[in-house]
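Undergrad: Got a structure here, written out as structure tokens. Questions coming.
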Amino acid sequence: MELTPDLLKTNLDTVWVLFTAFLVFFMNAGFALVESGLCRVKNTVNVLAKNYVVFAVSTLAFWLIGFGMMFGNGNPLIGLTGFAPSLINGSTSFSALDWTSVPIAAKFFFQLVFAGTAATIVSGAVAERIKFRAFIIFSVVMIAFLYPVAGHWIWGGGFLATLATPVHDFAGSTVVHSIGGWAALTGAIILGPRLGKFTSRGEPQTIRGHSMTSVTLGGLILWLGWFGFNPGSTMAADGRAIAHIALTTNLAAATGTITSLLASWWLQKKPDLSMIVNGTLAGLVAITAGCDAASMVGAVAIGGIAGVLAVLAVFGLERLRVDDPVGALSVHLVNGVWGTLAVGIFATTEGSVFTGGNGLLYGGGFTLLSSQLLGVLAVGAFVAVASSAAWMLIRATMGLRVSAVEELEGLDVGEHGMPAYVLDSDSPLANDAAASAGMGMPMPAEGAFAEERVLAKKL
Amino acid sequence: MELTPDLLKTNLDTVWVLFTAFLVFFMNAGFALVESGLCRVKNTVNVLAKNYVVFAVSTLAFWLIGFGMMFGNGNPLIGLTGFAPSLINGSTSFSALDWTSVPIAAKFFFQLVFAGTAATIVSGAVAERIKFRAFIIFSVVMIAFLYPVAGHWIWGGGFLATLATPVHDFAGSTVVHSIGGWAALTGAIILGPRLGKFTSRGEPQTIRGHSMTSVTLGGLILWLGWFGFNPGSTMAADGRAIAHIALTTNLAAATGTITSLLASWWLQKKPDLSMIVNGTLAGLVAITAGCDAASMVGAVAIGGIAGVLAVLAVFGLERLRVDDPVGALSVHLVNGVWGTLAVGIFATTEGSVFTGGNGLLYGGGFTLLSSQLLGVLAVGAFVAVASSAAWMLIRATMGLRVSAVEELEGLDVGEHGMPAYVLDSDSPLANDAAASAGMGMPMPAEGAFAEERVLAKKL
Amino acid sequence: MELTPDLLKTNLDTVWVLFTAFLVFFMNAGFALVESGLCRVKNTVNVLAKNYVVFAVSTLAFWLIGFGMMFGNGNPLIGLTGFAPSLINGSTSFSALDWTSVPIAAKFFFQLVFAGTAATIVSGAVAERIKFRAFIIFSVVMIAFLYPVAGHWIWGGGFLATLATPVHDFAGSTVVHSIGGWAALTGAIILGPRLGKFTSRGEPQTIRGHSMTSVTLGGLILWLGWFGFNPGSTMAADGRAIAHIALTTNLAAATGTITSLLASWWLQKKPDLSMIVNGTLAGLVAITAGCDAASMVGAVAIGGIAGVLAVLAVFGLERLRVDDPVGALSVHLVNGVWGTLAVGIFATTEGSVFTGGNGLLYGGGFTLLSSQLLGVLAVGAFVAVASSAAWMLIRATMGLRVSAVEELEGLDVGEHGMPAYVLDSDSPLANDAAASAGMGMPMPAEGAFAEERVLAKKL
């Protein structure tokens, strides 16, 4: 092939798309750490396993069905071509993605890691009480149906993309985060709260997570991953755009961190690190829709408000008796909605790389804001209804929730037959015989390592 | 320098090679976490230290000797030029790498991180009983001699690269993973099993690792790293090729995850997260040789079989009385072999970016499969014999295995004089005096922090 | 826009600058893990929180003030333009950065992540005794004033950049690491040592950290991050330069690892993993100034000396009664100085990509070495004096150090109201009521989970 500028551009764009997709893939580690760190030690293996396996499941479900349903050529409601695509030759099945020149395999891979993120969001809100198999099945439904349909409306050429003023959701405050958030909300409600979360008088009890090291590392990995999520959504190495987006993304994360720190300090008397990490994530979720359209000052405002919202929403959801062990709803749902609306308020074509019109504060009136609101409502209504149906169908068939006994003993033993940590090498837990005899309650292990112990005594 | 398309291409290719090399470098963290997580807490510092130091040792050994022996101009068996290269000017010493236009320093760096991976694989199989210094010395032998010689045969222009139908090992199922795997196998056999792994009647005992958080995070880091390992092996930013390879790599990882999940669920009654993580790695190892040559469907098949093989091999090796604490042999050796042979079965020039002929299932007959088998056997025979000699030489001179007392007390204290965790800030372990007096068995620390304690009581 | 080679180059350069900036950003995770791992479990949340929040604070302080003061057009001492920049249009305020063609937003982002690193370095040396709010305020001073002023002298067109032989500090051994190191030194001295670090007779006591898993993972993340730090400082995708720099960086890290291993083995009888990780970092800090100017052999020498210095400095600082819980001074200050001077000794225009003249060992005499020494002294004098003033001002106003009671009980509870780990799911610590009643000393939690416990007994 001749080395034309066009070929060089395509290759450079592909490098950018893959690099940023790898960062987004790594967000799986961030979610696994934040969520498991915020859950109790007895449910750690289960939370890790859900977050780990869900990307594998998403890969197959999105390849077989989801990608075609989201980006395939179809109608304003759904895509209908390109299922289980071979992804090797130029394809005309995905005209909604024709705007970027990278190979179809790169387009698919980038969209896949986004789909995986949407599925992961659900995991935290239903943690510490959902059956492993029920979560896996829901994830298949999510990636094969819920996410691609609503996603088609905005990113796949559907009806929200073809409005006179189309909904602008650059990297997915609505498409990824609020879709995940709505499904998480219905799941949390239908499952009900964890045992012990509310007293019989309805007073919320704080249930602490087990590792702030996991939470903090996870938060930083997610912050890093967002530098793929937002700047990568250009799907082209346009220097001016990607640098601008990296900056607005980071400014919103920073102000979300600081305002959540201040809000937590004020409301809880001391700055709570788990609130701060969620404040960062809130800022990131909120800037996602408008990272291209906000100015530096706009990003500061969007992120700053998000950090406060994240803290307030934690207490608000507790009042509503919704039990969300990791704050996923405060982060992804509340701020996914806020970020989408914020485009209608803060979009500026002068101080940004956006060309789609100004928001309310920059003289654009309510035009853009109205579209954004319509997008929020349409997607929210669909996902809330469809995900509720899916949860209830699963409950009716295989059951959603583990038994009370298993919940109290922990899902690690109940679902996976193993503890997350064995911090005493001589513990019977280190040995399978003891483990299978009832790992939740350590017991003397008859015969376990008996010979080794005799040797140890001799020495 | 004039800004020609050729210069732009070289610079872009270099960015790609370095970026992917950094991802492969980061696999050191993945291996350190997976292996230490699967070992007992008393050996954690030792496992971490081995995995950490081995890359430093590999860097010097590969720069001084290994790189010249692997890629230097020489004969069909060995390279003989370019030892301790200055790597600053264009060099004619490494004609086997002339196919890529990136600077020689980039070629070296990319190959170095691969060499480091091969050395790391050995670490897990010999864990919890090998002397620290013995492992370091073996790593030098591995990187200066074993890996480069066998690697030269396939990647350095040696006799397996110049067959009528050359062995095709795109990113190293054989060159990296099975070489590491064979050396790990001989090491595990020559060292013998850990105390307590088999009863005197030969019944295997499961010995649990100490942290599933480490294992899961490590698994995700390795999955991420493989996006450098495989797509980076193009050593050029060819958009179509790197996107295809990213996808086949991910599909095989996903199916390996899911089939190992199902196999574990079936055989062990509950889905074991450590099996699942190893299933992912098995899928990744298996697709490594043919990531360019497999179609999407081929990648699904290769990875799916790998996940099952990984689970079965764990139990099979236990039957053979081979003690591999982390499953390194199931992952790297068994699936390194499987992946290399799979090229001969699944290679397709239509559904992939490969041009070297079709495999058995795509009408290519046994031609390619025969070459692949020859490659597996030649490399396996050489590494098994040569590594056995190296292990035995080390055993005869400095000794291979720690004492039984040290093994029972743990290698952290024995080899490094420190515990991995001190989770009680007031523990005597937090203080050196106590530690050096016998850290394995906590004891009252005479005088340790005595003054601080007096102060604490006063307050 | 027409697809010219110039546009392609700018886009490629921007991809490189952002990619490497993301790696440097990720160093925040590395510092958080290394520092918290080397501190006691009772101070873990506090160390994590400091390292986490400091980047958010740095983002705002550097955007509002620091960037303009460092790179704005001004005089030889200070920059005076470009505060709170909009960063969207071409700007003439930052002529010191005109040498790279990437968008101003990319220049800012790259410089921001460097500023964040400088602030993070301080954190470790003042750990386990500084008030959270005092550290945050100092970080603002650091990023808005100390770092940009001294940085302006060398990187912003200040007086050290316009000497006949300018100070050469390619990626910041002085600008980042020794600036951070000097501020850390004055902070550690002014705060005084931790309770229990020295007996009343002045004998140092080793205080162990709480997690070598954190330390090791953090070390590998920092090693990875340095591949952004040094090669990225080209701020252009010049293939020959970035490959060379990646290699010298890695060689110095490897030799720092190995010489610190040997020094620790010799002095402490057993190889101490925390010393080894610090040895790697020492090698990395030392090569940072001259990563472009050293040959392969030079990098080996610079890193090898750094590893020994790091170990010796730990014991030397203890003799001087300076308490540096994580070895930050040995790594960043001692080796920041060594690395800057090493440019004057090892710079070579033949074996490297440097054109600024040879060092002492390559026939350049003392010319370059003298400039380097002047740079070290000028920056050191300014930062030592100015940071001392800042520390003392904070001490006089809000206080620097937590109470002795809080220090003994741990800053996690005292500053943040939460423990880092709850490894027993049924512990009263898992519940807020108990926690707020006095988390440092576990107590029966009246009513905490009372209903859940009743249920558990029934089952």
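Letters for chains follow the order of the structure tokens (A, B, ...), residue numbers begin at 1 for each chain, and ligand numbers begin at 1 in the order shown.
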Using only C-alpha atoms, determine which residues of chain A fall within 8 Å of chain C; present them as a ChimeraX atom specification.
TA: /A:5-6,8-9,12,16,40-42,195-196,199-200,205-213,216-217,220-221,224,227,237-240,243-244,246-247,250-251,253-255,257-258,270-273,295-297,351-352,405,408
Undergrad: Let me see the file: selected residues, N, CA and C atoms, as a compact mmCIF listing (two decimals), in the first residue's frame.
TA:
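out-v3.txt, written as the output of this step:
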# COMPACT_ATOMS: atom_id res chain seq x y z
N PRO A 5 -0.96 10.35 2.92
CA PRO A 5 -1.41 10.99 4.16
C PRO A 5 -2.69 10.37 4.70
N ASP A 6 -3.58 9.95 3.82
CA ASP A 6 -4.82 9.31 4.29
C ASP A 6 -4.55 8.01 5.05
N LEU A 8 -1.75 7.23 6.54
CA LEU A 8 -1.10 7.59 7.81
C LEU A 8 -2.14 8.04 8.83
N LYS A 9 -3.08 8.84 8.36
CA LYS A 9 -4.13 9.31 9.28
C LYS A 9 -4.94 8.14 9.83
N LEU A 12 -2.86 6.33 12.37
CA LEU A 12 -2.73 7.12 13.61
C LEU A 12 -4.04 7.10 14.38
N TRP A 16 -4.81 5.63 18.19
CA TRP A 16 -5.48 6.41 19.23
C TRP A 16 -6.72 5.68 19.76
N ARG A 40 -18.29 -5.62 52.17
CA ARG A 40 -17.68 -6.30 53.30
C ARG A 40 -16.81 -7.45 52.83
N VAL A 41 -15.87 -7.83 53.67
CA VAL A 41 -14.87 -8.81 53.28
C VAL A 41 -15.51 -10.14 52.92
N LYS A 42 -16.66 -10.43 53.51
CA LYS A 42 -17.28 -11.73 53.25
C LYS A 42 -17.92 -11.82 51.86
N LEU A 195 -29.81 -7.19 54.45
CA LEU A 195 -30.17 -7.42 55.86
C LEU A 195 -29.30 -6.53 56.72
N GLY A 196 -29.94 -5.80 57.63
CA GLY A 196 -29.16 -4.97 58.54
C GLY A 196 -28.92 -3.56 58.05
N THR A 199 -32.89 -0.53 60.08
CA THR A 199 -33.51 -1.15 61.24
C THR A 199 -35.00 -1.31 60.96
N SER A 200 -35.69 -2.01 61.85
CA SER A 200 -37.13 -2.21 61.61
C SER A 200 -37.88 -0.88 61.65
N GLN A 205 -28.34 2.19 58.57
CA GLN A 205 -27.09 1.89 59.27
C GLN A 205 -25.97 1.95 58.24
N THR A 206 -24.88 2.63 58.60
CA THR A 206 -23.74 2.61 57.70
C THR A 206 -23.06 1.26 57.78
N ILE A 207 -22.87 0.65 56.64
CA ILE A 207 -22.13 -0.62 56.59
C ILE A 207 -20.81 -0.32 55.89
N ARG A 208 -19.72 -0.48 56.61
CA ARG A 208 -18.42 -0.12 56.04
C ARG A 208 -17.91 -1.15 55.05
N GLY A 209 -17.19 -0.66 54.07
CA GLY A 209 -16.46 -1.55 53.18
C GLY A 209 -15.25 -2.13 53.88
N HIS A 210 -14.49 -2.96 53.15
CA HIS A 210 -13.41 -3.67 53.84
C HIS A 210 -12.02 -3.17 53.50
N SER A 211 -11.85 -2.36 52.46
CA SER A 211 -10.49 -1.95 52.11
C SER A 211 -10.46 -0.61 51.39
N MET A 212 -9.97 0.41 52.10
CA MET A 212 -9.84 1.71 51.44
C MET A 212 -8.66 1.75 50.48
N THR A 213 -7.73 0.81 50.62
CA THR A 213 -6.66 0.71 49.62
C THR A 213 -7.26 0.32 48.27
N THR A 216 -9.26 3.37 46.85
CA THR A 216 -8.45 4.47 46.35
C THR A 216 -7.74 4.09 45.05
N LEU A 217 -7.15 2.92 45.03
CA LEU A 217 -6.50 2.48 43.80
C LEU A 217 -7.53 2.37 42.68
N LEU A 220 -8.36 5.79 41.29
CA LEU A 220 -7.32 6.34 40.41
C LEU A 220 -7.30 5.62 39.07
N ILE A 221 -7.56 4.32 39.07
CA ILE A 221 -7.62 3.59 37.80
C ILE A 221 -8.80 4.09 36.97
N LEU A 224 -7.90 7.44 35.50
CA LEU A 224 -7.04 7.16 34.33
C LEU A 224 -7.86 6.66 33.15
N PHE A 227 -9.56 9.07 30.83
CA PHE A 227 -8.77 9.73 29.79
C PHE A 227 -8.83 8.93 28.49
N ALA A 237 -7.53 10.92 15.98
CA ALA A 237 -6.46 11.63 16.68
C ALA A 237 -6.42 13.09 16.25
N ASP A 238 -7.47 13.81 16.58
CA ASP A 238 -7.53 15.25 16.29
C ASP A 238 -6.92 15.97 17.49
N GLY A 239 -5.68 16.42 17.32
CA GLY A 239 -4.91 16.93 18.45
C GLY A 239 -5.64 17.98 19.27
N ARG A 240 -6.24 18.93 18.58
CA ARG A 240 -6.88 20.02 19.29
C ARG A 240 -8.04 19.51 20.13
N ALA A 243 -6.87 17.10 23.21
CA ALA A 243 -6.22 17.82 24.31
C ALA A 243 -7.26 18.61 25.10
N HIS A 244 -8.18 19.24 24.39
CA HIS A 244 -9.24 19.98 25.09
C HIS A 244 -10.05 19.05 25.98
N ALA A 246 -9.25 16.12 27.22
CA ALA A 246 -8.49 15.61 28.37
C ALA A 246 -8.52 16.63 29.51
N LEU A 247 -8.46 17.90 29.15
CA LEU A 247 -8.43 18.95 30.17
C LEU A 247 -9.77 19.16 30.85
N ASN A 250 -10.35 16.34 33.19
CA ASN A 250 -9.57 16.39 34.42
C ASN A 250 -10.02 17.51 35.35
N LEU A 251 -10.40 18.63 34.79
CA LEU A 251 -10.87 19.73 35.64
C LEU A 251 -12.15 19.34 36.37
N ALA A 253 -13.08 16.32 37.15
CA ALA A 253 -12.71 15.33 38.17
C ALA A 253 -12.13 16.02 39.39
N ALA A 254 -11.28 17.00 39.15
CA ALA A 254 -10.62 17.68 40.26
C ALA A 254 -11.63 18.46 41.10
N THR A 255 -12.54 19.18 40.44
CA THR A 255 -13.50 19.96 41.23
C THR A 255 -14.52 19.05 41.91
N THR A 257 -13.82 16.20 43.09
CA THR A 257 -13.07 15.72 44.26
C THR A 257 -13.13 16.74 45.40
N ILE A 258 -12.89 17.97 45.05
CA ILE A 258 -12.77 19.00 46.09
C ILE A 258 -14.12 19.37 46.68
N LYS A 270 -15.82 14.98 59.29
CA LYS A 270 -14.47 14.64 58.86
C LYS A 270 -14.52 14.23 57.39
N PRO A 271 -13.45 14.52 56.64
CA PRO A 271 -13.48 14.17 55.20
C PRO A 271 -13.38 12.66 55.00
N ASP A 272 -14.45 12.09 54.47
CA ASP A 272 -14.60 10.64 54.28
C ASP A 272 -14.03 10.28 52.91
N LEU A 273 -12.99 9.44 52.93
CA LEU A 273 -12.30 9.16 51.67
C LEU A 273 -13.19 8.47 50.65
N SER A 295 -16.28 24.80 28.30
CA SER A 295 -15.00 25.49 28.43
C SER A 295 -14.34 25.04 29.72
N MET A 296 -13.14 25.55 29.97
CA MET A 296 -12.47 25.23 31.24
C MET A 296 -13.36 25.61 32.41
N VAL A 297 -13.89 26.82 32.36
CA VAL A 297 -14.73 27.30 33.46
C VAL A 297 -16.01 26.45 33.56
N GLY A 351 -15.59 28.58 23.38
CA GLY A 351 -14.54 28.16 24.32
C GLY A 351 -14.27 26.68 24.29
N SER A 352 -14.76 26.00 23.24
CA SER A 352 -14.64 24.53 23.22
C SER A 352 -14.36 24.05 21.80
N VAL A 405 -29.51 -16.94 55.10
CA VAL A 405 -28.34 -17.59 55.71
C VAL A 405 -27.09 -17.27 54.90
N LEU A 408 -25.95 -13.66 55.32
CA LEU A 408 -25.28 -13.37 56.59
C LEU A 408 -23.88 -13.98 56.64
Undergrad: Please list as a ChimeraX atom specification every residue within 10 Å of Leu185 in chain A, counting only C-alpha atoms and excluding residues in the same chain fewer than 6 positions away.
TA: /A:122,125-126,178-179,191,322-324,328-329,333,384,387-388
Undergrad: Which of range 32-202 of chain B end up as strand (DSSP E or B) when DSSP is run on this backbone - answer as a ChimeraX atom specification?
TA: /B:74-75,78-79,130,198
Undergrad: Extract the full set of alpha helix (DSSP H) residues from range 123-333 of chain C according to DSSP on the backbone, and format it as number ranges by chain.
TA: C: 123-125, 132-141, 147-155, 179-191, 212-229, 239-268, 273-288, 296-319, 328
Undergrad: Do a neighbour search on Val331 in chain A at 10 Å with only C-alpha atoms, toss out local chain neighbours closer than 6 positions, and write the hits as a list in words.
TA: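 Residues near the query, excluding close chain neighbours: Ile121, His177, Ser178, Gly181, Asn278, Gly279, Thr280, Leu281, Ala282, Gly283, Leu284, Val285, Ala286, Ala306, Gly307, Leu309, Ala310, Val311, Ala313 and Val314 of chain A.
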Undergrad: What is the CA of Val326 in chain C-CA of Leu262 in chain C distance in Å, reported with one decimal?
TA: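 Separation of CA of Val326 in chain C and CA of Leu262 in chain C: 19.8 Å.
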Undergrad: Applying 10 Å and only C-alpha atoms, which residues near Arg133 in chain C remain after dropping the ones on its own chain fewer than 4 positions away? List them as a list in words.
TA: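 Here the qualifying residues turn out to be Lys50, Ile137, Phe138, Ser139, Ile394, Met398, Gly399, Leu400 and Glu415 of chain C.
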Undergrad: What does the file look like for those residues with all heavy atoms, as a PDB file, in the first residue's frame?
TA:
ATOM      1  N   LYS C  50      -4.303  11.877  51.313  1.00  0.00           N
ATOM      2  CA  LYS C  50      -3.389  12.957  50.923  1.00  0.00           C
ATOM      3  C   LYS C  50      -2.946  12.802  49.475  1.00  0.00           C
ATOM      4  O   LYS C  50      -2.975  13.745  48.684  1.00  0.00           O
ATOM      5  CB  LYS C  50      -2.158  12.968  51.835  1.00  0.00           C
ATOM      6  CG  LYS C  50      -2.407  13.510  53.232  1.00  0.00           C
ATOM      7  CD  LYS C  50      -1.099  13.760  53.985  1.00  0.00           C
ATOM      8  CE  LYS C  50      -0.242  12.523  54.017  1.00  0.00           C
ATOM      9  NZ  LYS C  50       1.074  12.739  54.596  1.00  0.00           N
ATOM     10  N   ILE C 137      -3.028  22.668  52.478  1.00  0.00           N
ATOM     11  CA  ILE C 137      -2.645  24.073  52.302  1.00  0.00           C
ATOM     12  C   ILE C 137      -1.210  24.188  51.778  1.00  0.00           C
ATOM     13  O   ILE C 137      -0.932  24.964  50.862  1.00  0.00           O
ATOM     14  CB  ILE C 137      -2.782  24.839  53.647  1.00  0.00           C
ATOM     15  CG1 ILE C 137      -4.237  24.825  54.128  1.00  0.00           C
ATOM     16  CG2 ILE C 137      -2.272  26.269  53.507  1.00  0.00           C
ATOM     17  CD1 ILE C 137      -5.204  25.506  53.195  1.00  0.00           C
ATOM     18  N   PHE C 138      -0.307  23.381  52.333  1.00  0.00           N
ATOM     19  CA  PHE C 138       1.065  23.435  51.832  1.00  0.00           C
ATOM     20  C   PHE C 138       1.121  23.065  50.353  1.00  0.00           C
ATOM     21  O   PHE C 138       1.888  23.659  49.588  1.00  0.00           O
ATOM     22  CB  PHE C 138       1.986  22.512  52.638  1.00  0.00           C
ATOM     23  CG  PHE C 138       3.417  22.620  52.182  1.00  0.00           C
ATOM     24  CD1 PHE C 138       4.219  23.662  52.632  1.00  0.00           C
ATOM     25  CD2 PHE C 138       3.947  21.736  51.257  1.00  0.00           C
ATOM     26  CE1 PHE C 138       5.535  23.800  52.182  1.00  0.00           C
ATOM     27  CE2 PHE C 138       5.246  21.867  50.793  1.00  0.00           C
ATOM     28  CZ  PHE C 138       6.046  22.900  51.263  1.00  0.00           C
ATOM     29  N   SER C 139       0.310  22.090  49.960  1.00  0.00           N
ATOM     30  CA  SER C 139       0.314  21.679  48.550  1.00  0.00           C
ATOM     31  C   SER C 139      -0.105  22.829  47.640  1.00  0.00           C
ATOM     32  O   SER C 139       0.418  22.973  46.526  1.00  0.00           O
ATOM     33  CB  SER C 139      -0.631  20.486  48.349  1.00  0.00           C
ATOM     34  OG  SER C 139      -0.189  19.390  49.104  1.00  0.00           O
ATOM     35  N   ILE C 394       2.285  28.046  58.314  1.00  0.00           N
ATOM     36  CA  ILE C 394       1.145  27.143  58.554  1.00  0.00           C
ATOM     37  C   ILE C 394       1.135  26.690  60.017  1.00  0.00           C
ATOM     38  O   ILE C 394       0.086  26.653  60.662  1.00  0.00           O
ATOM     39  CB  ILE C 394       1.219  25.917  57.605  1.00  0.00           C
ATOM     40  CG1 ILE C 394       1.023  26.368  56.161  1.00  0.00           C
ATOM     41  CG2 ILE C 394       0.175  24.870  57.980  1.00  0.00           C
ATOM     42  CD1 ILE C 394       1.296  25.291  55.128  1.00  0.00           C
ATOM     43  N   MET C 398      -2.596  27.495  61.588  1.00  0.00           N
ATOM     44  CA  MET C 398      -3.551  26.393  61.818  1.00  0.00           C
ATOM     45  C   MET C 398      -2.915  25.197  62.527  1.00  0.00           C
ATOM     46  O   MET C 398      -3.606  24.268  62.898  1.00  0.00           O
ATOM     47  CB  MET C 398      -4.154  25.931  60.497  1.00  0.00           C
ATOM     48  CG  MET C 398      -3.145  25.368  59.513  1.00  0.00           C
ATOM     49  SD  MET C 398      -3.962  24.529  58.117  1.00  0.00           S
ATOM     50  CE  MET C 398      -5.083  25.781  57.568  1.00  0.00           C
ATOM     51  N   GLY C 399      -1.613  25.241  62.709  1.00  0.00           N
ATOM     52  CA  GLY C 399      -0.938  24.109  63.325  1.00  0.00           C
ATOM     53  C   GLY C 399      -0.556  23.068  62.284  1.00  0.00           C
ATOM     54  O   GLY C 399      -1.286  22.862  61.303  1.00  0.00           O
ATOM     55  N   LEU C 400       0.589  22.416  62.494  1.00  0.00           N
ATOM     56  CA  LEU C 400       1.087  21.456  61.506  1.00  0.00           C
ATOM     57  C   LEU C 400       0.816  20.008  61.922  1.00  0.00           C
ATOM     58  O   LEU C 400       0.522  19.174  61.090  1.00  0.00           O
ATOM     59  CB  LEU C 400       2.609  21.593  61.366  1.00  0.00           C
ATOM     60  CG  LEU C 400       3.190  22.428  60.245  1.00  0.00           C
ATOM     61  CD1 LEU C 400       4.695  22.259  60.237  1.00  0.00           C
ATOM     62  CD2 LEU C 400       2.593  22.076  58.904  1.00  0.00           C
ATOM     63  N   GLU C 415      -8.303  11.867  61.641  1.00  0.00           N
ATOM     64  CA  GLU C 415      -8.524  12.836  60.569  1.00  0.00           C
ATOM     65  C   GLU C 415      -9.723  12.498  59.697  1.00  0.00           C
ATOM     66  O   GLU C 415     -10.307  13.375  59.068  1.00  0.00           O
ATOM     67  CB  GLU C 415      -7.275  12.934  59.682  1.00  0.00           C
ATOM     68  CG  GLU C 415      -6.015  13.411  60.391  1.00  0.00           C
ATOM     69  CD  GLU C 415      -6.108  14.861  60.843  1.00  0.00           C
ATOM     70  OE1 GLU C 415      -5.877  15.766  60.018  1.00  0.00           O
ATOM     71  OE2 GLU C 415      -6.429  15.084  62.023  1.00  0.00           O
TER      72      GLU C 415
END
